[in-house]
>>> print(open('my_file_32.tsv').read())   # TSV, N, CA and C atoms
chain	number	residue	atom	x	y	z
M	1	GLN	N	0.83	-1.19	0.00
M	1	GLN	CA	0.00	0.00	0.00
M	1	GLN	C	0.87	1.25	0.00
M	2	PRO	N	0.59	2.20	-0.87
M	2	PRO	CA	1.38	3.44	-0.86
M	2	PRO	C	1.11	4.25	0.40
M	3	GLU	N	2.16	4.86	0.92
M	3	GLU	CA	2.05	5.70	2.10
M	3	GLU	C	2.82	6.99	1.87
M	4	LEU	N	2.35	8.06	2.51
M	4	LEU	CA	2.99	9.36	2.41
M	4	LEU	C	3.44	9.82	3.79
M	5	VAL	N	4.61	10.41	3.83
M	5	VAL	CA	5.12	10.96	5.09
M	5	VAL	C	5.61	12.38	4.83
M	6	GLU	N	5.07	13.32	5.61
M	6	GLU	CA	5.49	14.71	5.50
M	6	GLU	C	6.54	15.04	6.56
M	7	SER	N	7.34	16.04	6.26
M	7	SER	CA	8.31	16.56	7.21
M	7	SER	C	8.63	18.00	6.84
M	8	GLY	N	9.37	18.66	7.74
M	8	GLY	CA	9.82	20.01	7.44
M	8	GLY	C	9.09	21.13	8.14
M	9	GLY	N	8.01	20.80	8.84
M	9	GLY	CA	7.29	21.83	9.57
M	9	GLY	C	8.11	22.38	10.72
M	10	GLY	N	7.65	23.51	11.25
M	10	GLY	CA	8.35	24.13	12.37
M	10	GLY	C	7.86	25.53	12.63
M	11	LEU	N	8.66	26.27	13.41
M	11	LEU	CA	8.33	27.65	13.74
M	11	LEU	C	8.81	28.58	12.63
M	12	VAL	N	8.00	29.57	12.34
M	12	VAL	CA	8.39	30.50	11.29
M	12	VAL	C	7.80	31.87	11.59
M	13	GLN	N	8.57	32.90	11.29
M	13	GLN	CA	8.10	34.27	11.47
M	13	GLN	C	7.42	34.76	10.20
M	14	PRO	N	6.55	35.74	10.31
M	14	PRO	CA	5.98	36.35	9.10
M	14	PRO	C	7.08	36.85	8.19
M	15	GLY	N	6.94	36.57	6.92
M	15	GLY	CA	7.96	36.93	5.96
M	15	GLY	C	9.04	35.89	5.79
M	16	GLY	N	9.04	34.88	6.63
M	16	GLY	CA	10.05	33.84	6.58
M	16	GLY	C	9.75	32.77	5.56
M	17	SER	N	10.62	31.75	5.53
M	17	SER	CA	10.50	30.66	4.56
M	17	SER	C	10.61	29.32	5.25
M	18	LEU	N	10.06	28.33	4.60
M	18	LEU	CA	10.10	26.96	5.11
M	18	LEU	C	9.95	26.03	3.93
M	19	ARG	N	10.56	24.87	4.03
M	19	ARG	CA	10.45	23.89	2.96
M	19	ARG	C	9.87	22.60	3.53
M	20	LEU	N	8.70	22.22	3.06
M	20	LEU	CA	8.05	20.99	3.48
M	20	LEU	C	8.35	19.89	2.47
M	21	SER	N	8.43	18.68	2.97
M	21	SER	CA	8.72	17.55	2.10
M	21	SER	C	7.68	16.45	2.28
M	22	CYS	N	7.37	15.77	1.20
M	22	CYS	CA	6.42	14.66	1.21
M	22	CYS	C	7.09	13.50	0.47
M	23	VAL	N	7.21	12.37	1.15
M	23	VAL	CA	7.88	11.21	0.56
M	23	VAL	C	6.90	10.06	0.42
M	24	LEU	N	6.90	9.45	-0.74
M	24	LEU	CA	6.03	8.30	-1.01
M	24	LEU	C	6.79	6.99	-0.81
M	25	SER	N	6.17	6.04	-0.15
M	25	SER	CA	6.71	4.69	-0.08
M	25	SER	C	5.65	3.70	-0.54
M	26	GLY	N	6.09	2.56	-1.03
M	26	GLY	CA	5.14	1.54	-1.44
M	26	GLY	C	4.50	1.80	-2.79
M	27	GLY	N	5.11	2.60	-3.61
M	27	GLY	CA	4.55	2.88	-4.92
M	27	GLY	C	5.51	3.69	-5.75
M	28	SER	N	5.11	3.97	-6.99
M	28	SER	CA	5.94	4.77	-7.89
M	28	SER	C	5.31	6.14	-8.05
M	29	LEU	N	6.06	7.19	-7.71
M	29	LEU	CA	5.49	8.54	-7.69
M	29	LEU	C	5.06	9.01	-9.07
M	30	ASP	N	5.63	8.45	-10.13
M	30	ASP	CA	5.25	8.91	-11.47
M	30	ASP	C	3.88	8.41	-11.90
M	31	GLU	N	3.19	7.71	-11.02
M	31	GLU	CA	1.80	7.32	-11.29
M	31	GLU	C	0.81	8.28	-10.64
M	32	TYR	N	1.32	9.18	-9.80
M	32	TYR	CA	0.44	9.97	-8.96
M	32	TYR	C	0.60	11.47	-9.17
M	33	ALA	N	-0.52	12.17	-9.07
M	33	ALA	CA	-0.50	13.61	-8.80
M	33	ALA	C	-0.47	13.78	-7.29
M	34	VAL	N	0.16	14.85	-6.84
M	34	VAL	CA	0.28	15.09	-5.40
M	34	VAL	C	-0.21	16.49	-5.08
M	35	GLY	N	-1.02	16.57	-4.06
M	35	GLY	CA	-1.53	17.86	-3.60
M	35	GLY	C	-1.08	18.14	-2.18
M	36	TRP	N	-0.98	19.41	-1.88
M	36	TRP	CA	-0.74	19.87	-0.51
M	36	TRP	C	-1.98	20.60	-0.03
M	37	PHE	N	-2.37	20.29	1.20
M	37	PHE	CA	-3.55	20.89	1.80
M	37	PHE	C	-3.16	21.40	3.18
M	38	ARG	N	-3.98	22.30	3.73
M	38	ARG	CA	-3.70	22.77	5.07
M	38	ARG	C	-5.00	22.93	5.85
M	39	LYS	N	-4.85	22.81	7.17
M	39	LYS	CA	-6.03	22.86	8.06
M	39	LYS	C	-5.65	23.63	9.30
M	40	THR	N	-6.52	24.60	9.64
M	40	THR	CA	-6.40	25.30	10.90
M	40	THR	C	-7.68	25.06	11.70
M	41	PRO	N	-7.61	25.15	13.02
M	41	PRO	CA	-8.80	24.89	13.84
M	41	PRO	C	-9.96	25.80	13.46
M	42	GLY	N	-11.11	25.20	13.30
M	42	GLY	CA	-12.29	25.98	13.01
M	42	GLY	C	-12.53	26.26	11.54
M	43	LYS	N	-11.60	25.83	10.71
M	43	LYS	CA	-11.73	26.05	9.28
M	43	LYS	C	-11.71	24.73	8.53
M	44	GLU	N	-12.28	24.75	7.34
M	44	GLU	CA	-12.23	23.59	6.47
M	44	GLU	C	-10.81	23.41	5.94
M	45	ARG	N	-10.47	22.16	5.66
M	45	ARG	CA	-9.16	21.92	5.04
M	45	ARG	C	-9.21	22.47	3.61
M	46	GLU	N	-8.16	23.18	3.24
M	46	GLU	CA	-8.14	23.81	1.93
M	46	GLU	C	-6.96	23.32	1.10
M	47	GLY	N	-7.18	23.25	-0.20
M	47	GLY	CA	-6.11	22.88	-1.11
M	47	GLY	C	-5.19	24.07	-1.34
M	48	VAL	N	-3.90	23.83	-1.26
M	48	VAL	CA	-2.91	24.88	-1.39
M	48	VAL	C	-2.24	24.83	-2.76
M	49	ALA	N	-1.80	23.65	-3.13
M	49	ALA	CA	-1.07	23.50	-4.39
M	49	ALA	C	-1.06	22.03	-4.77
M	50	CYS	N	-0.90	21.77	-6.05
M	50	CYS	CA	-0.79	20.38	-6.49
M	50	CYS	C	0.09	20.31	-7.74
M	51	VAL	N	0.60	19.14	-8.00
M	51	VAL	CA	1.47	18.93	-9.15
M	51	VAL	C	1.07	17.62	-9.82
M	52	GLY	N	1.09	17.62	-11.15
M	52	GLY	CA	0.65	16.48	-11.91
M	52	GLY	C	1.64	15.33	-11.92
M	53	THR	N	1.29	14.32	-12.68
M	53	THR	CA	2.03	13.07	-12.69
M	53	THR	C	3.50	13.25	-13.04
M	54	PHE	N	3.77	14.01	-14.08
M	54	PHE	CA	5.15	14.16	-14.53
M	54	PHE	C	5.84	15.38	-13.93
M	55	GLY	N	5.13	16.12	-13.09
M	55	GLY	CA	5.73	17.26	-12.41
M	55	GLY	C	5.79	18.52	-13.23
M	56	ASP	N	5.16	18.52	-14.41
M	56	ASP	CA	5.26	19.69	-15.27
M	56	ASP	C	4.00	20.56	-15.26
M	57	ARG	N	2.97	20.11	-14.60
M	57	ARG	CA	1.74	20.90	-14.52
M	57	ARG	C	1.41	21.11	-13.05
M	58	THR	N	1.27	22.36	-12.68
M	58	THR	CA	0.98	22.70	-11.29
M	58	THR	C	-0.28	23.55	-11.21
M	59	ASN	N	-0.82	23.60	-10.02
M	59	ASN	CA	-2.04	24.35	-9.77
M	59	ASN	C	-1.92	24.92	-8.36
M	60	TYR	N	-2.10	26.23	-8.22
M	60	TYR	CA	-1.93	26.88	-6.93
M	60	TYR	C	-3.21	27.62	-6.54
M	61	ALA	N	-3.49	27.60	-5.26
M	61	ALA	CA	-4.57	28.45	-4.75
M	61	ALA	C	-4.16	29.91	-4.89
M	62	ASP	N	-5.14	30.78	-5.11
M	62	ASP	CA	-4.83	32.20	-5.28
M	62	ASP	C	-4.10	32.77	-4.07
M	63	SER	N	-4.40	32.25	-2.89
M	63	SER	CA	-3.82	32.79	-1.66
M	63	SER	C	-2.32	32.54	-1.55
M	64	VAL	N	-1.79	31.62	-2.35
M	64	VAL	CA	-0.36	31.30	-2.24
M	64	VAL	C	0.41	31.52	-3.53
M	65	LYS	N	-0.26	31.90	-4.58
M	65	LYS	CA	0.42	32.11	-5.87
M	65	LYS	C	1.52	33.14	-5.72
M	66	GLY	N	2.67	32.83	-6.27
M	66	GLY	CA	3.81	33.72	-6.20
M	66	GLY	C	4.62	33.59	-4.92
M	67	ARG	N	4.11	32.83	-3.95
M	67	ARG	CA	4.83	32.66	-2.68
M	67	ARG	C	5.22	31.20	-2.43
M	68	PHE	N	4.39	30.27	-2.84
M	68	PHE	CA	4.65	28.84	-2.64
M	68	PHE	C	5.03	28.21	-3.98
M	69	THR	N	5.95	27.27	-3.92
M	69	THR	CA	6.40	26.59	-5.14
M	69	THR	C	6.54	25.10	-4.88
M	70	LEU	N	6.07	24.31	-5.84
M	70	LEU	CA	6.19	22.86	-5.75
M	70	LEU	C	7.37	22.36	-6.56
M	71	HIS	N	8.03	21.30	-6.02
M	71	HIS	CA	9.09	20.62	-6.75
M	71	HIS	C	8.85	19.13	-6.62
M	72	LYS	N	8.64	18.47	-7.74
M	72	LYS	CA	8.39	17.03	-7.72
M	72	LYS	C	9.58	16.29	-8.31
M	73	ASN	N	10.07	15.32	-7.58
M	73	ASN	CA	11.18	14.50	-8.04
M	73	ASN	C	10.71	13.05	-8.02
M	74	ASN	N	10.30	12.55	-9.17
M	74	ASN	CA	9.75	11.20	-9.23
M	74	ASN	C	10.80	10.14	-8.88
M	75	ALA	N	12.05	10.37	-9.27
M	75	ALA	CA	13.10	9.40	-8.99
M	75	ALA	C	13.32	9.25	-7.48
M	76	ARG	N	13.22	10.35	-6.77
M	76	ARG	CA	13.41	10.31	-5.32
M	76	ARG	C	12.10	10.14	-4.58
M	77	LYS	N	10.99	10.06	-5.32
M	77	LYS	CA	9.66	9.87	-4.72
M	77	LYS	C	9.34	10.98	-3.73
M	78	THR	N	9.71	12.18	-4.07
M	78	THR	CA	9.56	13.30	-3.15
M	78	THR	C	8.87	14.48	-3.83
M	79	VAL	N	7.98	15.12	-3.10
M	79	VAL	CA	7.40	16.38	-3.53
M	79	VAL	C	7.66	17.40	-2.42
M	80	ALA	N	8.33	18.46	-2.77
M	80	ALA	CA	8.63	19.52	-1.81
M	80	ALA	C	7.72	20.71	-2.06
M	81	LEU	N	7.33	21.35	-1.00
M	81	LEU	CA	6.56	22.59	-1.07
M	81	LEU	C	7.39	23.69	-0.41
M	82	GLN	N	7.86	24.62	-1.21
M	82	GLN	CA	8.65	25.74	-0.71
M	82	GLN	C	7.70	26.87	-0.35
M	83	LEU	N	7.73	27.29	0.91
M	83	LEU	CA	6.88	28.36	1.40
M	83	LEU	C	7.75	29.60	1.61
M	84	ASN	N	7.47	30.65	0.89
M	84	ASN	CA	8.21	31.91	1.02
M	84	ASN	C	7.27	33.04	1.42
M	85	ASN	N	7.86	34.07	2.02
M	85	ASN	CA	7.10	35.26	2.39
M	85	ASN	C	5.83	34.88	3.15
M	86	LEU	N	6.02	34.12	4.21
M	86	LEU	CA	4.88	33.59	4.94
M	86	LEU	C	4.05	34.71	5.56
M	87	LYS	N	2.75	34.53	5.50
M	87	LYS	CA	1.81	35.48	6.04
M	87	LYS	C	1.17	34.91	7.30
M	88	PRO	N	0.54	35.77	8.11
M	88	PRO	CA	-0.08	35.28	9.36
M	88	PRO	C	-1.12	34.18	9.15
M	89	GLU	N	-1.73	34.14	7.98
M	89	GLU	CA	-2.75	33.12	7.73
M	89	GLU	C	-2.17	31.79	7.24
M	90	ASP	N	-0.86	31.71	7.06
M	90	ASP	CA	-0.27	30.49	6.53
M	90	ASP	C	-0.01	29.39	7.56
M	91	PRO	N	0.30	29.69	8.84
M	91	PRO	CA	0.51	28.61	9.79
M	91	PRO	C	-0.70	27.69	9.88
M	92	ALA	N	-0.43	26.39	9.83
M	92	ALA	CA	-1.50	25.39	9.79
M	92	ALA	C	-0.85	24.01	9.85
M	93	MET	N	-1.69	23.00	9.94
M	93	MET	CA	-1.21	21.64	9.72
M	93	MET	C	-1.26	21.41	8.22
M	94	TYR	N	-0.11	21.04	7.66
M	94	TYR	CA	-0.02	20.83	6.22
M	94	TYR	C	0.03	19.34	5.93
M	95	TYR	N	-0.78	18.92	4.97
M	95	TYR	CA	-0.88	17.53	4.57
M	95	TYR	C	-0.54	17.39	3.09
M	96	CYS	N	0.12	16.30	2.75
M	96	CYS	CA	0.20	15.97	1.33
M	96	CYS	C	-0.71	14.78	1.06
M	97	ALA	N	-1.15	14.70	-0.17
M	97	ALA	CA	-2.08	13.65	-0.58
M	97	ALA	C	-1.78	13.27	-2.02
M	98	ALA	N	-2.14	12.05	-2.39
M	98	ALA	CA	-1.82	11.55	-3.72
M	98	ALA	C	-3.04	10.90	-4.36
M	99	THR	N	-3.07	10.98	-5.68
M	99	THR	CA	-4.13	10.33	-6.43
M	99	THR	C	-3.58	9.93	-7.80
M	100	VAL	N	-4.09	8.85	-8.32
M	100	VAL	CA	-3.72	8.46	-9.68
M	100	VAL	C	-4.36	9.43	-10.65
M	101	LEU	N	-3.57	9.92	-11.61
M	101	LEU	CA	-4.06	10.94	-12.52
M	101	LEU	C	-3.44	10.76	-13.89
M	102	GLY	N	-4.22	10.94	-14.92
M	102	GLY	CA	-3.71	10.88	-16.27
M	102	GLY	C	-2.66	11.95	-16.51
M	103	ALA	N	-1.69	11.66	-17.34
M	103	ALA	CA	-0.54	12.53	-17.53
M	103	ALA	C	-0.92	13.90	-18.07
M	104	LEU	N	-1.99	14.00	-18.85
M	104	LEU	CA	-2.34	15.28	-19.47
M	104	LEU	C	-3.36	16.08	-18.67
M	105	LYS	N	-3.77	15.55	-17.54
M	105	LYS	CA	-4.81	16.23	-16.77
M	105	LYS	C	-4.23	17.19	-15.75
M	106	LEU	N	-4.95	18.26	-15.48
M	106	LEU	CA	-4.56	19.20	-14.44
M	106	LEU	C	-4.99	18.66	-13.09
M	107	CYS	N	-4.09	18.75	-12.12
M	107	CYS	CA	-4.41	18.22	-10.80
M	107	CYS	C	-5.45	19.10	-10.10
M	108	SER	N	-6.10	18.49	-9.12
M	108	SER	CA	-7.21	19.12	-8.41
M	108	SER	C	-6.77	19.63	-7.04
M	109	LEU	N	-7.43	20.67	-6.57
M	109	LEU	CA	-7.21	21.17	-5.21
M	109	LEU	C	-8.37	20.77	-4.28
M	110	LYS	N	-9.15	19.80	-4.70
M	110	LYS	CA	-10.27	19.33	-3.89
M	110	LYS	C	-9.84	18.08	-3.12
M	111	GLU	N	-10.02	18.09	-1.82
M	111	GLU	CA	-9.53	16.98	-1.02
M	111	GLU	C	-10.24	15.68	-1.33
M	112	ASP	N	-11.48	15.75	-1.78
M	112	ASP	CA	-12.23	14.53	-2.09
M	112	ASP	C	-11.64	13.77	-3.28
M	113	ASP	N	-10.80	14.43	-4.05
M	113	ASP	CA	-10.18	13.79	-5.21
M	113	ASP	C	-8.94	12.99	-4.84
M	114	TYR	N	-8.56	13.00	-3.56
M	114	TYR	CA	-7.31	12.35	-3.14
M	114	TYR	C	-7.61	11.24	-2.13
M	115	PRO	N	-7.29	9.99	-2.47
M	115	PRO	CA	-7.56	8.89	-1.56
M	115	PRO	C	-6.41	8.54	-0.61
M	116	ILE	N	-5.21	9.04	-0.89
M	116	ILE	CA	-4.04	8.67	-0.08
M	116	ILE	C	-3.54	9.93	0.63
M	117	TRP	N	-3.38	9.83	1.95
M	117	TRP	CA	-3.02	11.00	2.76
M	117	TRP	C	-1.89	10.68	3.72
M	118	GLY	N	-1.06	11.70	3.98
M	118	GLY	CA	-0.08	11.61	5.03
M	118	GLY	C	-0.67	12.08	6.35
M	119	GLN	N	0.17	12.05	7.39
M	119	GLN	CA	-0.28	12.42	8.74
M	119	GLN	C	-0.17	13.90	9.01
M	120	GLY	N	0.57	14.62	8.19
M	120	GLY	CA	0.66	16.06	8.35
M	120	GLY	C	1.93	16.53	9.03
M	121	THR	N	2.27	17.77	8.79
M	121	THR	CA	3.39	18.41	9.46
M	121	THR	C	2.96	19.82	9.83
M	122	GLN	N	3.28	20.23	11.05
M	122	GLN	CA	2.74	21.47	11.60
M	122	GLN	C	3.66	22.66	11.28
M	123	VAL	N	3.07	23.71	10.76
M	123	VAL	CA	3.76	24.99	10.58
M	123	VAL	C	3.15	25.96	11.57
M	124	THR	N	4.00	26.51	12.43
M	124	THR	CA	3.54	27.34	13.55
M	124	THR	C	4.19	28.71	13.48
M	125	ALA	N	3.40	29.73	13.76
M	125	ALA	CA	3.93	31.08	13.80
M	125	ALA	C	4.74	31.27	15.07
M	126	SER	N	5.92	31.82	14.92
M	126	SER	CA	6.74	32.12	16.10
M	126	SER	C	6.40	33.52	16.59
M	127	SER	N	6.45	33.71	17.88
M	127	SER	CA	6.07	35.01	18.45
M	127	SER	C	7.27	35.93	18.56
>>> encode(input="my_file_32.tsv", output="structure tokens")
Amino acid sequence: QPELVESGGGLVQPGGSLRLSCVLSGGSLDEYAVGWFRKTPGKEREGVACVGTFGDRTNYADSVKGRFTLHKNNARKTVALQLNNLKPEDPAMYYCAATVLGALKLCSLKEDDYPIWGQGTQVTASS
């Protein structure tokens, strides 16, 4: 069974940067699109960014465009999410998720489209 493990969360100040990582085991990453989602208490989980099967098609939420960047390395089975210029609304529990997707299709930011999920990594605002 494919499994995802996130890492890289931590304390960050507004305007700072952080790099989150998502590693797939038990499968081949070039079969999957991968999305990143985030959840804060009292809010619905929202899609942040996703990358297609071959890593050449990405989709970003408007709230993070120009600040967050995805890097997919199928050989290393890793998808990194680079967070730059962090804003007060960015701290959250961040999750990566995977779904089988056709190579020419644009990935989705809807959580219902993803059947495989990691446990999450926490990004916290430092005071």
>>> closest_residue(input="my_file_32.tsv", among="M:Tyr60, M:Gly55, M:Thr78, M:Gly10", to="Phe37 (chain M)", atoms="only C-alpha atoms")
M:Tyr60
>>> residues_around(input="my_file_32.tsv", residues="Gln119 (chain M)", least_positions_apart="4", cutoff="6 Å", atoms="only N, CA and C atoms", output="PyMOL selection string")
chain M and resi 4-6+95
>>> closest_residue(input="my_file_32.tsv", among="M:Lys87, M:Lys72, M:Arg45, M:Lys65", to="Cys22 (chain M)", atoms="only C-alpha atoms")
M:Lys72
>>> closest_residue(input="my_file_32.tsv", among="M:Val123, M:Ala61, M:Leu101, M:Ala80", to="Gln13 (chain M)", atoms="only C-alpha atoms")
M:Val123
>>> select_by_dssp(input="my_file_32.tsv", residues="chain M", states="strand (DSSP E)", output="tab-separated table (two decimals) with N, CA and C atoms, keeping the file's coordinate frame")
chain	number	residue	atom	x	y	z
M	3	GLU	N	2.16	4.86	0.92
M	3	GLU	CA	2.05	5.70	2.10
M	3	GLU	C	2.82	6.99	1.87
M	4	LEU	N	2.35	8.06	2.51
M	4	LEU	CA	2.99	9.36	2.41
M	4	LEU	C	3.44	9.82	3.79
M	5	VAL	N	4.61	10.41	3.83
M	5	VAL	CA	5.12	10.96	5.09
M	5	VAL	C	5.61	12.38	4.83
M	6	GLU	N	5.07	13.32	5.61
M	6	GLU	CA	5.49	14.71	5.50
M	6	GLU	C	6.54	15.04	6.56
M	7	SER	N	7.34	16.04	6.26
M	7	SER	CA	8.31	16.56	7.21
M	7	SER	C	8.63	18.00	6.84
M	10	GLY	N	7.65	23.51	11.25
M	10	GLY	CA	8.35	24.13	12.37
M	10	GLY	C	7.86	25.53	12.63
M	11	LEU	N	8.66	26.27	13.41
M	11	LEU	CA	8.33	27.65	13.74
M	11	LEU	C	8.81	28.58	12.63
M	12	VAL	N	8.00	29.57	12.34
M	12	VAL	CA	8.39	30.50	11.29
M	12	VAL	C	7.80	31.87	11.59
M	18	LEU	N	10.06	28.33	4.60
M	18	LEU	CA	10.10	26.96	5.11
M	18	LEU	C	9.95	26.03	3.93
M	19	ARG	N	10.56	24.87	4.03
M	19	ARG	CA	10.45	23.89	2.96
M	19	ARG	C	9.87	22.60	3.53
M	20	LEU	N	8.70	22.22	3.06
M	20	LEU	CA	8.05	20.99	3.48
M	20	LEU	C	8.35	19.89	2.47
M	21	SER	N	8.43	18.68	2.97
M	21	SER	CA	8.72	17.55	2.10
M	21	SER	C	7.68	16.45	2.28
M	22	CYS	N	7.37	15.77	1.20
M	22	CYS	CA	6.42	14.66	1.21
M	22	CYS	C	7.09	13.50	0.47
M	23	VAL	N	7.21	12.37	1.15
M	23	VAL	CA	7.88	11.21	0.56
M	23	VAL	C	6.90	10.06	0.42
M	24	LEU	N	6.90	9.45	-0.74
M	24	LEU	CA	6.03	8.30	-1.01
M	24	LEU	C	6.79	6.99	-0.81
M	25	SER	N	6.17	6.04	-0.15
M	25	SER	CA	6.71	4.69	-0.08
M	25	SER	C	5.65	3.70	-0.54
M	32	TYR	N	1.32	9.18	-9.80
M	32	TYR	CA	0.44	9.97	-8.96
M	32	TYR	C	0.60	11.47	-9.17
M	33	ALA	N	-0.52	12.17	-9.07
M	33	ALA	CA	-0.50	13.61	-8.80
M	33	ALA	C	-0.47	13.78	-7.29
M	34	VAL	N	0.16	14.85	-6.84
M	34	VAL	CA	0.28	15.09	-5.40
M	34	VAL	C	-0.21	16.49	-5.08
M	35	GLY	N	-1.02	16.57	-4.06
M	35	GLY	CA	-1.53	17.86	-3.60
M	35	GLY	C	-1.08	18.14	-2.18
M	36	TRP	N	-0.98	19.41	-1.88
M	36	TRP	CA	-0.74	19.87	-0.51
M	36	TRP	C	-1.98	20.60	-0.03
M	37	PHE	N	-2.37	20.29	1.20
M	37	PHE	CA	-3.55	20.89	1.80
M	37	PHE	C	-3.16	21.40	3.18
M	38	ARG	N	-3.98	22.30	3.73
M	38	ARG	CA	-3.70	22.77	5.07
M	38	ARG	C	-5.00	22.93	5.85
M	39	LYS	N	-4.85	22.81	7.17
M	39	LYS	CA	-6.03	22.86	8.06
M	39	LYS	C	-5.65	23.63	9.30
M	46	GLU	N	-8.16	23.18	3.24
M	46	GLU	CA	-8.14	23.81	1.93
M	46	GLU	C	-6.96	23.32	1.10
M	47	GLY	N	-7.18	23.25	-0.20
M	47	GLY	CA	-6.11	22.88	-1.11
M	47	GLY	C	-5.19	24.07	-1.34
M	48	VAL	N	-3.90	23.83	-1.26
M	48	VAL	CA	-2.91	24.88	-1.39
M	48	VAL	C	-2.24	24.83	-2.76
M	49	ALA	N	-1.80	23.65	-3.13
M	49	ALA	CA	-1.07	23.50	-4.39
M	49	ALA	C	-1.06	22.03	-4.77
M	50	CYS	N	-0.90	21.77	-6.05
M	50	CYS	CA	-0.79	20.38	-6.49
M	50	CYS	C	0.09	20.31	-7.74
M	51	VAL	N	0.60	19.14	-8.00
M	51	VAL	CA	1.47	18.93	-9.15
M	51	VAL	C	1.07	17.62	-9.82
M	58	THR	N	1.27	22.36	-12.68
M	58	THR	CA	0.98	22.70	-11.29
M	58	THR	C	-0.28	23.55	-11.21
M	59	ASN	N	-0.82	23.60	-10.02
M	59	ASN	CA	-2.04	24.35	-9.77
M	59	ASN	C	-1.92	24.92	-8.36
M	60	TYR	N	-2.10	26.23	-8.22
M	60	TYR	CA	-1.93	26.88	-6.93
M	60	TYR	C	-3.21	27.62	-6.54
M	68	PHE	N	4.39	30.27	-2.84
M	68	PHE	CA	4.65	28.84	-2.64
M	68	PHE	C	5.03	28.21	-3.98
M	69	THR	N	5.95	27.27	-3.92
M	69	THR	CA	6.40	26.59	-5.14
M	69	THR	C	6.54	25.10	-4.88
M	70	LEU	N	6.07	24.31	-5.84
M	70	LEU	CA	6.19	22.86	-5.75
M	70	LEU	C	7.37	22.36	-6.56
M	71	HIS	N	8.03	21.30	-6.02
M	71	HIS	CA	9.09	20.62	-6.75
M	71	HIS	C	8.85	19.13	-6.62
M	72	LYS	N	8.64	18.47	-7.74
M	72	LYS	CA	8.39	17.03	-7.72
M	72	LYS	C	9.58	16.29	-8.31
M	73	ASN	N	10.07	15.32	-7.58
M	73	ASN	CA	11.18	14.50	-8.04
M	73	ASN	C	10.71	13.05	-8.02
M	78	THR	N	9.71	12.18	-4.07
M	78	THR	CA	9.56	13.30	-3.15
M	78	THR	C	8.87	14.48	-3.83
M	79	VAL	N	7.98	15.12	-3.10
M	79	VAL	CA	7.40	16.38	-3.53
M	79	VAL	C	7.66	17.40	-2.42
M	80	ALA	N	8.33	18.46	-2.77
M	80	ALA	CA	8.63	19.52	-1.81
M	80	ALA	C	7.72	20.71	-2.06
M	81	LEU	N	7.33	21.35	-1.00
M	81	LEU	CA	6.56	22.59	-1.07
M	81	LEU	C	7.39	23.69	-0.41
M	82	GLN	N	7.86	24.62	-1.21
M	82	GLN	CA	8.65	25.74	-0.71
M	82	GLN	C	7.70	26.87	-0.35
M	83	LEU	N	7.73	27.29	0.91
M	83	LEU	CA	6.88	28.36	1.40
M	83	LEU	C	7.75	29.60	1.61
M	92	ALA	N	-0.43	26.39	9.83
M	92	ALA	CA	-1.50	25.39	9.79
M	92	ALA	C	-0.85	24.01	9.85
M	93	MET	N	-1.69	23.00	9.94
M	93	MET	CA	-1.21	21.64	9.72
M	93	MET	C	-1.26	21.41	8.22
M	94	TYR	N	-0.11	21.04	7.66
M	94	TYR	CA	-0.02	20.83	6.22
M	94	TYR	C	0.03	19.34	5.93
M	95	TYR	N	-0.78	18.92	4.97
M	95	TYR	CA	-0.88	17.53	4.57
M	95	TYR	C	-0.54	17.39	3.09
M	96	CYS	N	0.12	16.30	2.75
M	96	CYS	CA	0.20	15.97	1.33
M	96	CYS	C	-0.71	14.78	1.06
M	97	ALA	N	-1.15	14.70	-0.17
M	97	ALA	CA	-2.08	13.65	-0.58
M	97	ALA	C	-1.78	13.27	-2.02
M	98	ALA	N	-2.14	12.05	-2.39
M	98	ALA	CA	-1.82	11.55	-3.72
M	98	ALA	C	-3.04	10.90	-4.36
M	99	THR	N	-3.07	10.98	-5.68
M	99	THR	CA	-4.13	10.33	-6.43
M	99	THR	C	-3.58	9.93	-7.80
M	100	VAL	N	-4.09	8.85	-8.32
M	100	VAL	CA	-3.72	8.46	-9.68
M	100	VAL	C	-4.36	9.43	-10.65
M	116	ILE	N	-5.21	9.04	-0.89
M	116	ILE	CA	-4.04	8.67	-0.08
M	116	ILE	C	-3.54	9.93	0.63
M	117	TRP	N	-3.38	9.83	1.95
M	117	TRP	CA	-3.02	11.00	2.76
M	117	TRP	C	-1.89	10.68	3.72
M	121	THR	N	2.27	17.77	8.79
M	121	THR	CA	3.39	18.41	9.46
M	121	THR	C	2.96	19.82	9.83
M	122	GLN	N	3.28	20.23	11.05
M	122	GLN	CA	2.74	21.47	11.60
M	122	GLN	C	3.66	22.66	11.28
M	123	VAL	N	3.07	23.71	10.76
M	123	VAL	CA	3.76	24.99	10.58
M	123	VAL	C	3.15	25.96	11.57
M	124	THR	N	4.00	26.51	12.43
M	124	THR	CA	3.54	27.34	13.55
M	124	THR	C	4.19	28.71	13.48
M	125	ALA	N	3.40	29.73	13.76
M	125	ALA	CA	3.93	31.08	13.80
M	125	ALA	C	4.74	31.27	15.07
>>> select_by_dssp(input="my_file_32.tsv", residues="chain M", states="helix (DSSP H, G or I)", output="list in words")
Leu29, Asp30, Glu31, Glu111, Asp112 and Asp113 of chain M
>>> residues_around(input="my_file_32.tsv", residues="Asp30 (chain M)", least_positions_apart="6", cutoff="9 Å", atoms="only C-alpha atoms", output="NGL selection string")
:M and (52-55 or 73-75 or 77)
>>> residues_near_point(input="my_file_32.tsv", point="(5.9, 30.0, -4.5)", cutoff="10 Å", atoms="only C-alpha atoms", output="list in words")
Ala49, Tyr60, Val64, Lys65, Gly66, Arg67, Phe68, Thr69, Leu70, Leu81, Gln82, Leu83, Asn84 and Asn85 of chain M
>>> closest_residue(input="my_file_32.tsv", among="M:Glu44, M:Val51, M:Lys39, M:Gln1", to="Ser25 (chain M)", atoms="only N, CA and C atoms")
M:Gln1
